[in-house]
Every structure is written in structure tokens, then in C-alpha cells.
Amino acid sequence: MSSEAHLVHDTGTGISNNKLLMWAFLGSECLLFGGLISAYLINRSRFHTGPAPGDIFDIPFTSVSSFVLLMSSLTMVLALSALQRGDIRNNRIWLLTTALLGSLFIGGQVYEFTTFLREGLGYTTSPFSSAFFTLTGFHGIHVSIGIVMLMSLVISSYRGTLTQKNSETVEIVGLYWHFVDVVWIFIFTVIYLVPSPTS
Amino acid sequence: MSTDTDTDTDSGAGHEHPTDARYVRIAILLAVITAAEVSTYYVDIGPVLIPALMVMMVVKFFYVAAWFMHLRFDSVLFTRFFVTGLILATAVYSIALTVFEFWSKG
């Protein structure tokens, strides 16, 4: 198996500066999402002017969305593996599959938000709703940015500029994508599965 | 799909890389854990519910970070960056939640 991504780089640390930068960014993202999750936990019981979380969450639906996002991590890592082998065709297929799964997740989130709005839970309805929409909305924006990055990789591939030699680009986008998945692992458990207050 | 062996040795820098089959097996494990998590919504397991959910969440996090994000094979510097962010976030927000009396409210 060839792996350009792990070659020794001509840098002070001997590792890729771009990859190091992505990891530093992901470390800082932990603080962003930690703050949003904490704000949600503090406000989850403050819903007196609207529906309670326990009354409005659709766990079976969100479980399917979570499964879709989890499987997109598999397709992302298969895309990287294919490119590291020099298999351009499979790399494109897996990148497109990952983008498609991400889009399905976003579609599910839009459906969920629309349903909540119809049931009377708007962004300013209660402190709970503000914290919930901010947290899940920020995550959705991250997934959307990831989809744009994936599609730009696909376009680069069709232009012939994404090859085995620069597979590190796919690896770095993959790190971002997996992080978004990891954040959802936390959100799904802490916000949806841990029993929520009911009215 | 490449071969079904668990790891290949990278000839360039001596790092080990999982095969596609290995990635698929990890994804199946993650799917099974997710199914177990979701089952707690339908089956009442009493006071062990929250500890069980936390353990399953951490196991899923570990597998994605170690295998899919390649922390298991990459430079330890990357792990340090990520873990530092995680520890900092956990410490800062545990203090914030304590200040807001989150734990005493249950």
C-alpha cells in the first residue's frame, strides 16, 4: 500500500504543516462545540414558553440521520484509501457517496427544523429552543461546509489535479469530516438519547 | 477492496495502515453500538442508562478518532493537539456547568 500522506516532510517537525494546522483547528473546535453543548445543557429545562425537548424530539428519525452520518465516515476513509492506492475511479465514487450521505443528513435536519417550527418551536420561543437550534444549526453548517469541500475535491479529481501524489488533501478534508461525525456522536447521545425534560 | 489482512506496513515510513476490510469491520461495530444506544430509548434499563450511554459514546468516539482519523498511526503530536483541546473544553465547561449549578439540578 502506498501512502504519500505519511512520508517525512521537509518541515521543522518532520510532519505536514497543513495537517498540523487542521489538527490545531480541530482542537479549537472542541472548545466551540463544548461551549454550545454546555449552553444547551444549562437551558434544556427552560422551555416554559414553548414545547419541551422530551415532547418534541423524534428519536427514531434522528437515529436514522445519525446512522447515515456515521456511515459517511466509512465512505470518507474508503475514498482516502482508494486514492492512496492510486485508484482514482473509486476515490471519486466514495467522495460522491460521502457528499450524498452528508446531504441526506442535512435534508433530515431541515425536515426536523421545519417540523419543530410547525409545532411551535421557533428560534426565540424559549432559552431551550435558542440553545438547541444554535447547537444543531452550527453543526449543520459544519456538515454543509464539509459537503462543499468534498465536491471541490471531486471537481479537482475530474480536472486531473487530485492524484495519488497529493492524497494528503483528501486526508485533511477527511479529518474535518470525521470530526464533524465525532461531534454528532456527542450531540446525539447528550441531547437526544439522555432523557429530556417533558412538560 | 484491498486484501483482508488487518494491517499493511507502509514501506515509506514504517507506519501501519488498516485495509478497507478493517475499516468496514469498524463501521459495523460502530453501527452495532449505535443500535444498542438507540435500544435504550425503547427498553428501560433503569439507573445504568446514563453511564451506559456515556460509555458507548466514548467507545464510538475512540474508534472514529483512532482508526478513521488515523491517530493510532500518525504522529503523537496530532493526538496531543486534539486531546489538549478536549481536556481544555471538558475542564472549562465542567467549571461553567458547576457555576450554573447544573449538577445539583440533576
# chains A, B, ... in the order shown; residues from 1 in each chain; ligands from 1
call {"tool": "interface_residues", "arguments": {"of": "chain A", "to": "chain B", "cutoff": "9 Å", "atoms": "only C-alpha atoms", "output": "MDAnalysis selection string"}}
result
chainID A and resid 1:4 6:8 15 19:20 23:35 37:39 41:42 59:60 63 66:67 70:71 73:74 76:78 81:82 171 174:175 178:179 181:183 185:186 189:190 193:195
call {"tool": "residues_around", "arguments": {"residues": "Phe138 (chain A)", "least_positions_apart": "5", "cutoff": "10 Å", "atoms": "only C-alpha atoms", "output": "ChimeraX atom specification"}}
result
/A:32-33,36,132-133,143-144
call {"tool": "select_by_dssp", "arguments": {"residues": "region 2-86 of chain B", "states": "alpha helix (DSSP H)", "output": "MDAnalysis selection string"}}
result
chainID B and resid 20:42 49:63 76:86
call {"tool": "write_last_selection", "arguments": {"atoms": "C-alpha atoms", "output": "JSON list (two decimals), in the first residue's frame"}}
result
[["chain", "number", "residue", "atom", "x", "y", "z"],
["B", 20, "ASP", "CA", -10.58, -1.45, 3.60],
["B", 21, "ALA", "CA", -11.95, -4.67, 5.12],
["B", 22, "ARG", "CA", -10.75, -3.50, 8.51],
["B", 23, "TYR", "CA", -12.49, -0.13, 8.06],
["B", 24, "VAL", "CA", -15.72, -1.93, 7.16],
["B", 25, "ARG", "CA", -15.48, -4.10, 10.28],
["B", 26, "ILE", "CA", -15.01, -1.00, 12.44],
["B", 27, "ALA", "CA", -18.03, 0.65, 10.78],
["B", 28, "ILE", "CA", -20.12, -2.46, 11.52],
["B", 29, "LEU", "CA", -19.02, -2.28, 15.16],
["B", 30, "LEU", "CA", -19.98, 1.42, 15.28],
["B", 31, "ALA", "CA", -23.38, 0.60, 13.77],
["B", 32, "VAL", "CA", -23.97, -2.13, 16.39],
["B", 33, "ILE", "CA", -23.07, 0.27, 19.22],
["B", 34, "THR", "CA", -25.42, 2.89, 17.73],
["B", 35, "ALA", "CA", -28.20, 0.29, 17.61],
["B", 36, "ALA", "CA", -27.52, -0.53, 21.29],
["B", 37, "GLU", "CA", -27.68, 3.19, 22.12],
["B", 38, "VAL", "CA", -31.00, 3.61, 20.33],
["B", 39, "SER", "CA", -32.42, 0.49, 22.01],
["B", 40, "THR", "CA", -32.15, 2.28, 25.37],
["B", 41, "TYR", "CA", -34.92, 4.59, 24.12],
["B", 42, "TYR", "CA", -37.29, 1.60, 23.91],
["B", 49, "LEU", "CA", -28.93, 4.28, 31.48],
["B", 50, "ILE", "CA", -26.77, 7.41, 31.55],
["B", 51, "PRO", "CA", -23.48, 5.64, 32.45],
["B", 52, "ALA", "CA", -24.17, 3.07, 29.68],
["B", 53, "LEU", "CA", -24.86, 5.84, 27.13],
["B", 54, "MET", "CA", -21.67, 7.69, 28.14],
["B", 55, "VAL", "CA", -19.55, 4.54, 27.82],
["B", 56, "MET", "CA", -20.98, 3.74, 24.37],
["B", 57, "MET", "CA", -20.44, 7.36, 23.25],
["B", 58, "VAL", "CA", -16.80, 7.31, 24.37],
["B", 59, "VAL", "CA", -16.16, 3.95, 22.67],
["B", 60, "LYS", "CA", -17.59, 5.31, 19.37],
["B", 61, "PHE", "CA", -15.52, 8.47, 19.72],
["B", 62, "PHE", "CA", -12.37, 6.43, 20.36],
["B", 63, "TYR", "CA", -12.87, 4.19, 17.32],
["B", 76, "VAL", "CA", 1.73, 11.70, 18.50],
["B", 77, "LEU", "CA", 1.81, 15.49, 18.09],
["B", 78, "PHE", "CA", -1.61, 15.35, 16.37],
["B", 79, "THR", "CA", -3.05, 13.37, 19.28],
["B", 80, "ARG", "CA", -1.64, 15.94, 21.70],
["B", 81, "PHE", "CA", -3.26, 18.83, 19.83],
["B", 82, "PHE", "CA", -6.64, 17.10, 19.81],
["B", 83, "VAL", "CA", -6.51, 15.78, 23.37],
["B", 84, "THR", "CA", -5.39, 19.20, 24.65],
["B", 85, "GLY", "CA", -8.47, 20.76, 23.05],
["B", 86, "LEU", "CA", -10.69, 18.06, 24.52]]
call {"tool": "residues_around", "arguments": {"residues": "Phe57 (chain A)", "least_positions_apart": "6", "cutoff": "12 Å", "atoms": "only C-alpha atoms", "output": "number ranges by chain"}}
result
A: 51, 63, 109, 112-113, 115-116, 119, 121, 129, 132, 188, 191-198; B: 41
call {"tool": "residues_around", "arguments": {"residues": "Val173 (chain A)", "least_positions_apart": "2", "cutoff": "8 Å", "atoms": "only C-alpha atoms", "output": "ChimeraX atom specification"}}
result
/A:146,149-150,169-171,175-177
call {"tool": "atom_distance", "arguments": {"atom1": "CA of Leu69 (chain A)", "atom2": "CA of Trp184 (chain A)"}}
result
8.2 Å
call {"tool": "residues_around", "arguments": {"residues": "Val68 (chain A)", "least_positions_apart": "2", "cutoff": "8 Å", "atoms": "only C-alpha atoms", "output": "number ranges by chain"}}
result
A: 64-66, 70-72, 101-102, 104-105
call {"tool": "atom_distance", "arguments": {"atom1": "CA of Ile147 (chain A)", "atom2": "CA of Ala79 (chain A)"}}
result
14.0 Å
call {"tool": "select_by_dssp", "arguments": {"residues": "chain B", "states": "strand (DSSP E or B)", "output": "PyMOL selection string"}}
result
chain B and resi 7-9+16-18
call {"tool": "closest_residue", "arguments": {"among": "A:Ala99, A:Gly12, A:Ile141, A:Gly50", "to": "Leu117 (chain A)", "atoms": "only C-alpha atoms"}}
result
A:Gly50
call {"tool": "decode", "arguments": {"residues": "region 13-103 of chain B", "atoms": "C-alpha atoms", "output": "compact mmCIF listing (two decimals), in the first residue's frame"}}
result
# COMPACT_ATOMS: atom_id res chain seq x y z
CA ALA B 13 7.92 5.42 6.93
CA GLY B 14 7.13 2.20 8.76
CA HIS B 15 3.52 3.19 9.64
CA GLU B 16 0.80 0.56 9.62
CA HIS B 17 -2.41 1.18 7.69
CA PRO B 18 -5.70 -0.66 8.05
CA THR B 19 -7.16 -2.34 4.99
CA ASP B 20 -10.58 -1.45 3.60
CA ALA B 21 -11.95 -4.67 5.12
CA ARG B 22 -10.75 -3.50 8.51
CA TYR B 23 -12.49 -0.13 8.06
CA VAL B 24 -15.72 -1.93 7.16
CA ARG B 25 -15.48 -4.10 10.28
CA ILE B 26 -15.01 -1.00 12.44
CA ALA B 27 -18.03 0.65 10.78
CA ILE B 28 -20.12 -2.46 11.52
CA LEU B 29 -19.02 -2.28 15.16
CA LEU B 30 -19.98 1.42 15.28
CA ALA B 31 -23.38 0.60 13.77
CA VAL B 32 -23.97 -2.13 16.39
CA ILE B 33 -23.07 0.27 19.22
CA THR B 34 -25.42 2.89 17.73
CA ALA B 35 -28.20 0.29 17.61
CA ALA B 36 -27.52 -0.53 21.29
CA GLU B 37 -27.68 3.19 22.12
CA VAL B 38 -31.00 3.61 20.33
CA SER B 39 -32.42 0.49 22.01
CA THR B 40 -32.15 2.28 25.37
CA TYR B 41 -34.92 4.59 24.12
CA TYR B 42 -37.29 1.60 23.91
CA VAL B 43 -36.02 -0.59 26.79
CA ASP B 44 -35.89 0.78 30.33
CA ILE B 45 -32.54 -0.14 31.87
CA GLY B 46 -33.01 1.99 34.99
CA PRO B 47 -30.20 3.85 36.75
CA VAL B 48 -27.46 2.47 34.49
CA LEU B 49 -28.93 4.28 31.48
CA ILE B 50 -26.77 7.41 31.55
CA PRO B 51 -23.48 5.64 32.45
CA ALA B 52 -24.17 3.07 29.68
CA LEU B 53 -24.86 5.84 27.13
CA MET B 54 -21.67 7.69 28.14
CA VAL B 55 -19.55 4.54 27.82
CA MET B 56 -20.98 3.74 24.37
CA MET B 57 -20.44 7.36 23.25
CA VAL B 58 -16.80 7.31 24.37
CA VAL B 59 -16.16 3.95 22.67
CA LYS B 60 -17.59 5.31 19.37
CA PHE B 61 -15.52 8.47 19.72
CA PHE B 62 -12.37 6.43 20.36
CA TYR B 63 -12.87 4.19 17.32
CA VAL B 64 -13.53 7.09 14.92
CA ALA B 65 -10.58 9.14 16.24
CA ALA B 66 -8.13 6.24 16.43
CA TRP B 67 -8.94 4.42 13.19
CA PHE B 68 -10.79 6.75 10.79
CA MET B 69 -8.79 9.86 11.81
CA HIS B 70 -5.60 7.75 11.89
CA LEU B 71 -4.48 8.97 15.32
CA ARG B 72 -3.42 5.40 16.03
CA PHE B 73 -0.85 5.54 13.24
CA ASP B 74 0.07 9.20 12.89
CA SER B 75 2.43 11.48 14.78
CA VAL B 76 1.73 11.70 18.50
CA LEU B 77 1.81 15.49 18.09
CA PHE B 78 -1.61 15.35 16.37
CA THR B 79 -3.05 13.37 19.28
CA ARG B 80 -1.64 15.94 21.70
CA PHE B 81 -3.26 18.83 19.83
CA PHE B 82 -6.64 17.10 19.81
CA VAL B 83 -6.51 15.78 23.37
CA THR B 84 -5.39 19.20 24.65
CA GLY B 85 -8.47 20.76 23.05
CA LEU B 86 -10.69 18.06 24.52
CA ILE B 87 -9.23 18.34 28.04
CA LEU B 88 -9.38 22.14 27.94
CA ALA B 89 -13.01 22.10 26.74
CA THR B 90 -14.02 19.48 29.35
CA ALA B 91 -12.33 21.41 32.18
CA VAL B 92 -13.63 24.86 31.19
CA TYR B 93 -17.22 23.74 30.62
CA SER B 94 -17.32 21.47 33.70
CA ILE B 95 -16.47 24.58 35.71
CA ALA B 96 -19.10 26.60 33.81
CA LEU B 97 -21.76 23.94 34.45
CA THR B 98 -20.79 23.84 38.14
CA VAL B 99 -21.15 27.62 38.38
CA PHE B 100 -24.66 27.33 36.89
CA GLU B 101 -25.48 24.56 39.45
CA PHE B 102 -26.21 22.15 36.59
CA TRP B 103 -25.17 19.04 38.53
